[in-house]
$ cat structure06.tsv   # TSV, C-alpha atoms
chain	number	residue	atom	x	y	z
I	18	MET	CA	-110.07	-119.67	13.12
I	19	ALA	CA	-108.95	-121.20	9.83
I	20	PHE	CA	-106.97	-118.01	9.01
I	21	ARG	CA	-105.25	-118.11	12.41
I	22	GLN	CA	-104.32	-121.76	11.94
I	23	ALA	CA	-102.88	-121.04	8.53
I	24	LEU	CA	-100.76	-118.26	10.03
I	25	GLN	CA	-99.44	-120.64	12.65
I	26	LEU	CA	-98.60	-123.22	10.01
I	27	ALA	CA	-96.77	-120.64	7.91
I	28	ALA	CA	-94.85	-119.37	10.93
I	29	CYS	CA	-93.71	-122.89	11.77
I	30	GLY	CA	-92.60	-123.54	8.21
I	31	LEU	CA	-95.26	-126.21	7.72
I	32	ALA	CA	-97.22	-124.28	5.16
I	33	GLY	CA	-94.25	-124.19	2.75
I	34	GLY	CA	-94.88	-122.42	-0.51
I	35	SER	CA	-98.53	-121.90	0.37
I	36	ALA	CA	-97.49	-118.95	2.55
I	37	ALA	CA	-97.25	-116.79	-0.57
I	38	VAL	CA	-100.79	-117.74	-1.55
I	39	LEU	CA	-102.03	-117.05	1.97
I	40	PHE	CA	-100.71	-113.48	2.14
I	41	SER	CA	-101.42	-112.56	-1.46
I	42	ALA	CA	-105.07	-113.39	-0.88
I	43	VAL	CA	-105.60	-110.74	1.81
I	44	ALA	CA	-107.65	-107.81	0.53
I	45	VAL	CA	-106.82	-104.37	1.94
I	46	GLY	CA	-108.13	-100.82	1.74
I	47	LYS	CA	-109.94	-98.86	-0.93
I	48	PRO	CA	-108.60	-97.07	-3.97
I	49	ARG	CA	-107.67	-93.45	-3.36
I	50	GLY	CA	-110.33	-92.21	-5.70
I	51	GLY	CA	-113.14	-93.97	-3.81
I	52	GLY	CA	-115.50	-96.57	-5.22
I	53	ASP	CA	-115.55	-100.27	-4.54
I	54	ALA	CA	-112.67	-101.84	-2.67
I	55	ASP	CA	-110.16	-103.53	-4.91
I	56	VAL	CA	-108.29	-106.65	-3.95
I	57	ARG	CA	-104.57	-105.93	-3.68
I	58	ALA	CA	-101.84	-108.28	-2.63
I	59	THR	CA	-99.97	-107.34	0.53
I	60	GLU	CA	-96.28	-107.96	0.85
I	61	PRO	CA	-95.64	-111.17	2.81
I	62	PRO	CA	-93.73	-110.76	6.09
I	63	ILE	CA	-90.02	-111.53	5.99
I	64	TRP	CA	-90.44	-114.59	8.18
I	65	THR	CA	-92.40	-116.41	5.43
I	66	GLY	CA	-89.27	-116.65	3.32
I	67	VAL	CA	-91.26	-115.46	0.30
I	68	SER	CA	-89.46	-112.97	-1.95
I	69	ARG	CA	-90.99	-109.52	-2.09
I	70	PRO	CA	-92.07	-107.93	-5.37
I	71	GLY	CA	-90.56	-104.76	-6.77
I	72	PRO	CA	-87.02	-103.50	-7.41
I	73	SER	CA	-84.50	-104.27	-4.68
I	74	VAL	CA	-81.19	-104.00	-6.55
I	75	TRP	CA	-79.01	-100.90	-6.24
I	76	ASP	CA	-78.65	-99.09	-9.56
I	77	SER	CA	-74.90	-98.47	-9.73
I	78	ASN	CA	-75.36	-96.16	-12.71
I	79	TRP	CA	-77.97	-93.96	-11.06
I	80	ASP	CA	-76.03	-90.78	-11.90
I	81	ARG	CA	-75.10	-91.97	-15.42
I	82	ARG	CA	-71.41	-91.74	-14.48
I	83	GLU	CA	-70.57	-95.42	-14.18
I	84	PRO	CA	-67.29	-95.69	-16.17
I	85	LEU	CA	-68.46	-98.52	-18.41
I	86	SER	CA	-71.52	-96.49	-19.47
I	87	LEU	CA	-69.26	-93.64	-20.63
I	88	ILE	CA	-67.32	-95.78	-23.08
I	89	ASN	CA	-68.38	-96.45	-26.63
I	90	LEU	CA	-67.65	-100.18	-26.82
I	91	LYS	CA	-68.25	-100.20	-30.58
I	92	LYS	CA	-65.03	-98.21	-31.04
I	93	ARG	CA	-62.94	-100.63	-29.00
I	94	ASN	CA	-59.84	-101.96	-30.74
I	95	VAL	CA	-60.30	-105.72	-30.99
I	96	GLU	CA	-56.55	-106.40	-31.08
I	97	SER	CA	-55.65	-104.50	-27.90
I	98	GLY	CA	-58.72	-106.00	-26.20
I	99	GLU	CA	-58.99	-106.01	-22.44
I	100	GLU	CA	-55.90	-103.89	-21.79
I	101	GLU	CA	-57.31	-100.99	-23.76
I	102	LEU	CA	-60.69	-101.32	-22.07
I	103	ALA	CA	-59.11	-101.32	-18.61
I	104	SER	CA	-57.12	-98.21	-19.47
I	105	ARG	CA	-60.17	-96.37	-20.75
I	106	LEU	CA	-62.22	-97.39	-17.73
I	107	ASP	CA	-59.55	-96.04	-15.41
I	108	HIS	CA	-59.69	-92.73	-17.26
I	109	TYR	CA	-63.38	-92.34	-16.35
I	110	LYS	CA	-63.24	-93.67	-12.78
I	111	ALA	CA	-63.91	-91.24	-9.95
I	112	LYS	CA	-61.19	-91.09	-7.31
I	113	ALA	CA	-62.61	-88.74	-4.70
I	114	THR	CA	-65.53	-88.75	-2.28
I	115	ARG	CA	-68.09	-85.95	-2.25
I	116	HIS	CA	-69.56	-84.80	1.07
I	117	ILE	CA	-72.86	-82.99	0.53
I	118	PHE	CA	-74.19	-80.85	3.40
I	119	LEU	CA	-77.83	-79.92	2.85
I	120	ILE	CA	-78.90	-77.05	5.11
I	121	ARG	CA	-82.51	-76.01	5.57
I	122	HIS	CA	-83.00	-72.24	5.85
I	123	SER	CA	-83.77	-70.73	9.26
I	124	GLN	CA	-87.16	-69.64	10.58
I	125	TYR	CA	-88.74	-66.85	8.52
I	126	ASN	CA	-91.78	-64.55	8.47
I	127	VAL	CA	-94.44	-66.70	6.85
I	128	ASP	CA	-96.91	-63.80	6.68
I	129	GLY	CA	-94.99	-61.83	4.07
I	130	SER	CA	-97.25	-61.08	1.11
I	131	LEU	CA	-94.37	-61.20	-1.35
I	132	GLU	CA	-91.45	-63.60	-1.40
I	133	LYS	CA	-88.99	-60.78	-0.75
I	134	ASP	CA	-90.91	-59.93	2.43
I	135	ARG	CA	-90.44	-63.43	3.90
I	136	THR	CA	-87.26	-62.53	5.73
I	137	LEU	CA	-85.72	-64.34	8.68
I	138	THR	CA	-87.16	-63.75	12.13
I	139	PRO	CA	-84.86	-62.75	15.01
I	140	LEU	CA	-84.93	-66.40	16.12
I	141	GLY	CA	-84.17	-67.46	12.56
I	142	ARG	CA	-81.06	-65.30	12.56
I	143	GLU	CA	-79.96	-66.93	15.81
I	144	GLN	CA	-80.49	-70.35	14.26
I	145	ALA	CA	-78.34	-69.45	11.26
I	146	GLU	CA	-75.55	-68.29	13.61
I	147	LEU	CA	-75.71	-71.63	15.45
I	148	THR	CA	-75.63	-73.58	12.18
I	149	GLY	CA	-72.67	-71.55	10.96
I	150	LEU	CA	-70.80	-72.17	14.21
I	151	ARG	CA	-71.54	-75.88	13.96
I	152	LEU	CA	-70.24	-76.14	10.41
I	153	ALA	CA	-67.11	-74.16	11.31
I	154	SER	CA	-66.47	-76.44	14.31
I	155	LEU	CA	-66.25	-79.49	12.03
I	156	GLY	CA	-62.83	-78.32	10.87
I	157	LEU	CA	-63.52	-79.19	7.25
I	158	LYS	CA	-62.21	-77.38	4.20
I	159	PHE	CA	-65.46	-76.50	2.51
I	160	ASN	CA	-65.19	-75.99	-1.23
I	161	LYS	CA	-68.28	-73.91	-1.92
I	162	ILE	CA	-71.76	-72.86	-0.83
I	163	VAL	CA	-74.59	-73.23	-3.34
I	164	HIS	CA	-77.83	-71.64	-2.20
I	165	SER	CA	-81.40	-71.09	-3.31
I	166	SER	CA	-82.19	-67.63	-4.65
I	167	MET	CA	-85.19	-67.24	-2.32
I	168	THR	CA	-84.89	-64.52	0.33
I	169	ARG	CA	-84.90	-66.79	3.39
I	170	ALA	CA	-82.15	-68.97	1.89
I	171	VAL	CA	-80.05	-65.97	0.85
I	172	GLU	CA	-80.22	-64.46	4.34
I	173	THR	CA	-79.39	-67.81	5.95
I	174	THR	CA	-76.41	-68.12	3.62
I	175	ASP	CA	-75.13	-64.63	4.43
I	176	ILE	CA	-75.09	-65.41	8.15
I	177	ILE	CA	-73.57	-68.89	7.82
I	178	SER	CA	-70.89	-67.73	5.40
I	179	LYS	CA	-69.52	-65.27	7.96
I	180	HIS	CA	-68.33	-68.31	9.93
I	181	LEU	CA	-66.72	-69.82	6.82
I	182	PRO	CA	-64.51	-67.04	5.42
I	183	GLY	CA	-63.12	-67.59	1.97
I	184	VAL	CA	-65.75	-70.10	0.88
I	185	SER	CA	-67.32	-69.01	-2.40
I	186	LYS	CA	-71.10	-68.60	-2.75
I	187	VAL	CA	-73.23	-69.41	-5.79
I	188	SER	CA	-76.95	-68.64	-6.12
I	189	THR	CA	-79.31	-70.81	-8.19
I	190	ASP	CA	-83.01	-70.89	-9.00
I	191	LEU	CA	-82.94	-74.69	-9.26
I	192	LEU	CA	-82.94	-75.03	-5.47
I	193	ARG	CA	-85.98	-72.81	-4.86
I	194	GLU	CA	-88.80	-74.33	-2.80
I	195	GLY	CA	-91.60	-76.16	-4.57
I	196	ALA	CA	-93.71	-79.28	-4.90
I	197	PRO	CA	-91.37	-82.04	-6.13
I	198	ILE	CA	-93.80	-84.92	-6.57
I	199	GLU	CA	-97.23	-85.87	-5.25
I	200	PRO	CA	-96.62	-87.43	-1.82
I	201	ASP	CA	-97.78	-90.89	-0.84
I	202	PRO	CA	-99.68	-91.14	1.41
I	203	PRO	CA	-101.42	-87.87	0.56
I	204	VAL	CA	-102.03	-85.19	3.19
I	205	SER	CA	-105.12	-83.04	3.65
I	206	HIS	CA	-103.42	-79.81	4.76
I	207	TRP	CA	-101.27	-79.31	1.63
I	208	LYS	CA	-102.67	-79.85	-1.84
I	209	PRO	CA	-100.86	-78.02	-4.66
I	210	GLU	CA	-102.39	-77.93	-8.10
I	211	ALA	CA	-101.26	-80.62	-10.52
I	212	VAL	CA	-99.51	-78.00	-12.66
I	213	GLN	CA	-97.29	-77.06	-9.70
I	214	TYR	CA	-96.01	-80.63	-9.41
I	215	TYR	CA	-95.45	-80.61	-13.17
I	216	GLU	CA	-93.42	-77.39	-13.13
I	217	ASP	CA	-91.62	-77.64	-9.79
I	218	GLY	CA	-90.99	-81.36	-10.10
I	219	ALA	CA	-88.97	-80.99	-13.29
I	220	ARG	CA	-86.91	-78.17	-11.79
I	221	ILE	CA	-86.16	-79.97	-8.51
I	222	GLU	CA	-85.29	-83.17	-10.39
I	223	ALA	CA	-82.94	-81.05	-12.52
I	224	ALA	CA	-81.32	-79.77	-9.31
I	225	PHE	CA	-80.80	-83.35	-8.16
I	226	ARG	CA	-79.22	-84.41	-11.45
I	227	ASN	CA	-77.06	-81.32	-11.62
I	228	TYR	CA	-75.67	-81.35	-8.07
I	229	ILE	CA	-76.00	-84.89	-6.69
I	230	HIS	CA	-73.61	-87.31	-8.38
I	231	ARG	CA	-70.24	-88.96	-7.85
I	232	ALA	CA	-67.10	-86.86	-8.23
I	233	ASP	CA	-65.71	-86.03	-11.63
I	234	ALA	CA	-62.80	-88.25	-12.66
I	235	LYS	CA	-60.54	-85.18	-12.66
I	236	GLN	CA	-61.25	-84.47	-8.99
I	237	GLU	CA	-58.25	-85.63	-6.96
I	238	GLU	CA	-59.26	-84.77	-3.40
I	239	ASP	CA	-62.42	-85.29	-1.37
I	240	SER	CA	-64.78	-82.31	-1.46
I	241	TYR	CA	-67.06	-80.75	1.14
I	242	GLU	CA	-69.94	-78.80	-0.36
I	243	ILE	CA	-72.78	-76.92	1.31
I	244	PHE	CA	-76.22	-76.51	-0.24
I	245	ILE	CA	-78.58	-74.13	1.56
I	246	CYS	CA	-82.17	-74.51	0.43
I	247	HIS	CA	-85.57	-75.80	1.54
I	248	ALA	CA	-87.26	-78.73	3.28
I	249	ASN	CA	-89.13	-80.11	0.28
I	250	VAL	CA	-86.06	-79.95	-1.93
I	251	ILE	CA	-83.81	-81.62	0.66
I	252	ARG	CA	-86.29	-84.40	1.44
I	253	TYR	CA	-86.75	-85.19	-2.24
I	254	ILE	CA	-82.99	-85.20	-2.84
I	255	VAL	CA	-82.42	-87.59	0.08
I	256	CYS	CA	-85.03	-90.04	-1.23
I	257	ARG	CA	-83.62	-89.91	-4.75
I	258	ALA	CA	-80.00	-90.25	-3.63
I	259	LEU	CA	-80.76	-93.31	-1.48
I	260	GLN	CA	-82.96	-94.78	-4.23
I	261	PHE	CA	-85.97	-94.76	-1.92
I	262	PRO	CA	-89.42	-94.13	-3.46
I	263	PRO	CA	-89.39	-90.34	-4.03
I	264	GLU	CA	-93.13	-90.19	-3.27
I	265	GLY	CA	-92.17	-90.77	0.37
I	266	TRP	CA	-90.42	-87.42	0.78
I	267	LEU	CA	-93.17	-85.92	2.96
I	268	ARG	CA	-92.72	-88.70	5.54
I	269	LEU	CA	-89.46	-87.00	6.54
I	270	SER	CA	-89.31	-83.92	8.76
I	271	LEU	CA	-86.61	-81.23	8.96
I	272	ASN	CA	-86.05	-78.47	11.50
I	273	ASN	CA	-85.03	-74.97	10.54
I	274	GLY	CA	-81.27	-74.61	10.20
I	275	SER	CA	-80.80	-78.38	10.27
I	276	ILE	CA	-77.88	-80.22	8.70
I	277	THR	CA	-78.28	-83.26	6.46
I	278	HIS	CA	-75.06	-84.99	5.39
I	279	LEU	CA	-74.87	-87.21	2.31
I	280	VAL	CA	-71.71	-89.02	1.23
I	281	ILE	CA	-71.14	-90.12	-2.38
I	282	ARG	CA	-68.27	-92.56	-2.84
I	283	PRO	CA	-66.19	-92.90	-6.03
I	284	ASN	CA	-68.02	-96.12	-6.89
I	285	GLY	CA	-71.37	-94.32	-6.74
I	286	ARG	CA	-72.47	-95.74	-3.40
I	287	VAL	CA	-74.41	-93.22	-1.29
I	288	ALA	CA	-74.66	-93.04	2.50
I	289	LEU	CA	-76.71	-90.77	4.75
I	290	ARG	CA	-74.55	-89.66	7.68
I	291	THR	CA	-77.10	-87.35	9.32
I	292	LEU	CA	-80.68	-86.30	8.56
I	293	GLY	CA	-81.97	-82.97	9.84
I	294	ASP	CA	-79.47	-82.63	12.69
I	295	THR	CA	-80.16	-79.77	15.11
I	296	GLY	CA	-78.57	-81.35	18.19
I	297	PHE	CA	-76.19	-78.40	18.32
I	298	MET	CA	-79.09	-76.01	19.07
I	299	PRO	CA	-80.62	-75.42	22.52
I	300	PRO	CA	-84.16	-76.92	22.67
I	301	ASP	CA	-85.78	-73.48	22.90
I	302	LYS	CA	-84.15	-72.47	19.59
I	303	ILE	CA	-85.52	-75.39	17.55
I	304	THR	CA	-88.44	-74.78	15.16
I	305	ARG	CA	-89.89	-76.45	12.08
I	306	SER	CA	-91.93	-73.69	10.46
$ encode --input "structure06.tsv" --output "structure tokens"
Amino acid sequence: MAFRQALQLAACGLAGGSAAVLFSAVAVGKPRGGGDADVRATEPPIWTGVSRPGPSVWDSNWDRREPLSLINLKKRNVESGEEELASRLDHYKAKATRHIFLIRHSQYNVDGSLEKDRTLTPLGREQAELTGLRLASLGLKFNKIVHSSMTRAVETTDIISKHLPGVSKVSTDLLREGAPIEPDPPVSHWKPEAVQYYEDGARIEAAFRNYIHRADAKQEEDSYEIFICHANVIRYIVCRALQFPPEGWLRLSLNNGSITHLVIRPNGRVALRTLGDTGFMPPDKITRS
């Protein structure tokens, strides 16, 4: 009863600053490793007016391409001052917007003993055709296709690229499927060894740093780039690009042949236009294997 009354007081604004004390005193759950329950503070609801802990500010230099971070201020000419600084900043400023289309490969034979045997199924090939048609219908001038070197991604790329004649293709091992980071909350049906997170995580993070960033200052026009890879890689990239906790990647779900569209503005701001879109496919063609 006392707890309920305190809640009512806080909701009415009568509890004042004591609302923070009220909600920080609630004990929840048990530690993941078992053992005695530990007392952890829960985040107070928004209506209490109490500020929430943790980072909440957008890191404008997330890709290490913020113009000011590229200038050695120690070499600045004191006499020319602000004019020189403004000129140098302009030299490093991005001018164009990058449109990143992340495509998950189509359905494939999961029973293949070797990676090269995990080829697309007949339905998977249909899915790739539908995705290619969808991309072509957008009427965009795509600059390039970068794809994972795994068989299912290569085959998906070959089918999609037929609908985008003249667009160059580049294969990379960085975008191969893997375990990017231990998910939170954990799941019981998928538990890679710690060494797999250690090895794959570094590679997938390298893929993010290499491909996901604002446009180069020399780029004059907006670009439209396609990356054909895998669900784990795409979900991790989306979390990192939006500055969401990367451990939450497994909370997202992507269909085969789906389209995820990220936009990176010249000032480094990132927007998610679509996540895992397969609305262009008939319902009986949609899978998530």
$ closest_atom_pairs --input "structure06.tsv" --of "region 225-246 of chain I" --to "region 74-87 of chain I" --cutoff "9 Å" --atoms "all atoms listed in the file" --output "JSON lines"
{"residue": "I:Arg226", "atom": "CA", "partner": "I:Asp80", "partner_atom": "CA", "distance": 7.1}
{"residue": "I:Ile229", "atom": "CA", "partner": "I:Asp80", "partner_atom": "CA", "distance": 7.9}
{"residue": "I:His230", "atom": "CA", "partner": "I:Asp80", "partner_atom": "CA", "distance": 5.5}
{"residue": "I:Arg231", "atom": "CA", "partner": "I:Arg82", "partner_atom": "CA", "distance": 7.3}
{"residue": "I:Asp233", "atom": "CA", "partner": "I:Arg82", "partner_atom": "CA", "distance": 8.6}
$ closest_residue --input "structure06.tsv" --among "I:Leu131, I:Ile243, I:Ile303, I:Leu119" --to "Ser178 (chain I)" --atoms "all atoms listed in the file"
I:Ile243
$ residues_around --input "structure06.tsv" --residues "region 280-293 of chain I" --least-positions-apart "4" --cutoff "6 Å" --atoms "all atoms listed in the file" --output "list of chain:residue names"
I:Ala111, I:Lys112, I:Ala113, I:Thr114, I:Arg115, I:His116, I:Arg231, I:Leu271, I:Ser275, I:Ile276
$ atom_distance --input "structure06.tsv" --atom1 "CA of Pro209 (chain I)" --atom2 "CA of Ala196 (chain I)"
7.3 Å
$ closest_residue --input "structure06.tsv" --among "I:Val127, I:Ile177, I:Met167, I:Ala211" --to "Glu146 (chain I)" --atoms "all atoms listed in the file"
I:Ile177
$ atom_distance --input "structure06.tsv" --atom1 "CA of Asn272 (chain I)" --atom2 "CA of His122 (chain I)"
8.9 Å
$ atom_distance --input "structure06.tsv" --atom1 "CA of His247 (chain I)" --atom2 "CA of Leu192 (chain I)"
7.5 Å
$ residues_around --input "structure06.tsv" --residues "Arg121 (chain I)" --least-positions-apart "2" --cutoff "12 Å" --atoms "all atoms listed in the file" --output "MDAnalysis selection string"
chainID I and resid 118:119 123:125 141 144:145 148 164:165 169:174 177 192:194 243:252 270:278 292:295 304:306
$ write_last_selection --input "structure06.tsv" --atoms "C-alpha atoms" --output "mmCIF file, in the frame of the given file"
data_model
loop_
_atom_site.group_PDB
_atom_site.id
_atom_site.type_symbol
_atom_site.label_atom_id
_atom_site.label_comp_id
_atom_site.auth_asym_id
_atom_site.auth_seq_id
_atom_site.Cartn_x
_atom_site.Cartn_y
_atom_site.Cartn_z
ATOM 1 C CA PHE I 118 -74.190 -80.850 3.400
ATOM 2 C CA LEU I 119 -77.830 -79.920 2.850
ATOM 3 C CA SER I 123 -83.770 -70.730 9.260
ATOM 4 C CA GLN I 124 -87.160 -69.640 10.580
ATOM 5 C CA TYR I 125 -88.740 -66.850 8.520
ATOM 6 C CA GLY I 141 -84.170 -67.460 12.560
ATOM 7 C CA GLN I 144 -80.490 -70.350 14.260
ATOM 8 C CA ALA I 145 -78.340 -69.450 11.260
ATOM 9 C CA THR I 148 -75.630 -73.580 12.180
ATOM 10 C CA HIS I 164 -77.830 -71.640 -2.200
ATOM 11 C CA SER I 165 -81.400 -71.090 -3.310
ATOM 12 C CA ARG I 169 -84.900 -66.790 3.390
ATOM 13 C CA ALA I 170 -82.150 -68.970 1.890
ATOM 14 C CA VAL I 171 -80.050 -65.970 0.850
ATOM 15 C CA GLU I 172 -80.220 -64.460 4.340
ATOM 16 C CA THR I 173 -79.390 -67.810 5.950
ATOM 17 C CA THR I 174 -76.410 -68.120 3.620
ATOM 18 C CA ILE I 177 -73.570 -68.890 7.820
ATOM 19 C CA LEU I 192 -82.940 -75.030 -5.470
ATOM 20 C CA ARG I 193 -85.980 -72.810 -4.860
ATOM 21 C CA GLU I 194 -88.800 -74.330 -2.800
ATOM 22 C CA ILE I 243 -72.780 -76.920 1.310
ATOM 23 C CA PHE I 244 -76.220 -76.510 -0.240
ATOM 24 C CA ILE I 245 -78.580 -74.130 1.560
ATOM 25 C CA CYS I 246 -82.170 -74.510 0.430
ATOM 26 C CA HIS I 247 -85.570 -75.800 1.540
ATOM 27 C CA ALA I 248 -87.260 -78.730 3.280
ATOM 28 C CA ASN I 249 -89.130 -80.110 0.280
ATOM 29 C CA VAL I 250 -86.060 -79.950 -1.930
ATOM 30 C CA ILE I 251 -83.810 -81.620 0.660
ATOM 31 C CA ARG I 252 -86.290 -84.400 1.440
ATOM 32 C CA SER I 270 -89.310 -83.920 8.760
ATOM 33 C CA LEU I 271 -86.610 -81.230 8.960
ATOM 34 C CA ASN I 272 -86.050 -78.470 11.500
ATOM 35 C CA ASN I 273 -85.030 -74.970 10.540
ATOM 36 C CA GLY I 274 -81.270 -74.610 10.200
ATOM 37 C CA SER I 275 -80.800 -78.380 10.270
ATOM 38 C CA ILE I 276 -77.880 -80.220 8.700
ATOM 39 C CA THR I 277 -78.280 -83.260 6.460
ATOM 40 C CA HIS I 278 -75.060 -84.990 5.390
ATOM 41 C CA LEU I 292 -80.680 -86.300 8.560
ATOM 42 C CA GLY I 293 -81.970 -82.970 9.840
ATOM 43 C CA ASP I 294 -79.470 -82.630 12.690
ATOM 44 C CA THR I 295 -80.160 -79.770 15.110
ATOM 45 C CA THR I 304 -88.440 -74.780 15.160
ATOM 46 C CA ARG I 305 -89.890 -76.450 12.080
ATOM 47 C CA SER I 306 -91.930 -73.690 10.460
#
$ closest_residue --input "structure06.tsv" --among "I:Leu150, I:Leu137, I:Leu157, I:Ala219" --to "Asp239 (chain I)" --atoms "all atoms listed in the file"
I:Leu157
$ residues_near_point --input "structure06.tsv" --point "(-88.8, -93.9, -1.5)" --cutoff "12 Å" --atoms "only C-alpha atoms" --output "ChimeraX atom specification"
/I:72-73,198,200-202,252-269
$ closest_residue --input "structure06.tsv" --among "I:Asp190, I:Asp134, I:Glu199, I:Asp301" --to "Val212 (chain I)" --atoms "all atoms listed in the file"
I:Glu199
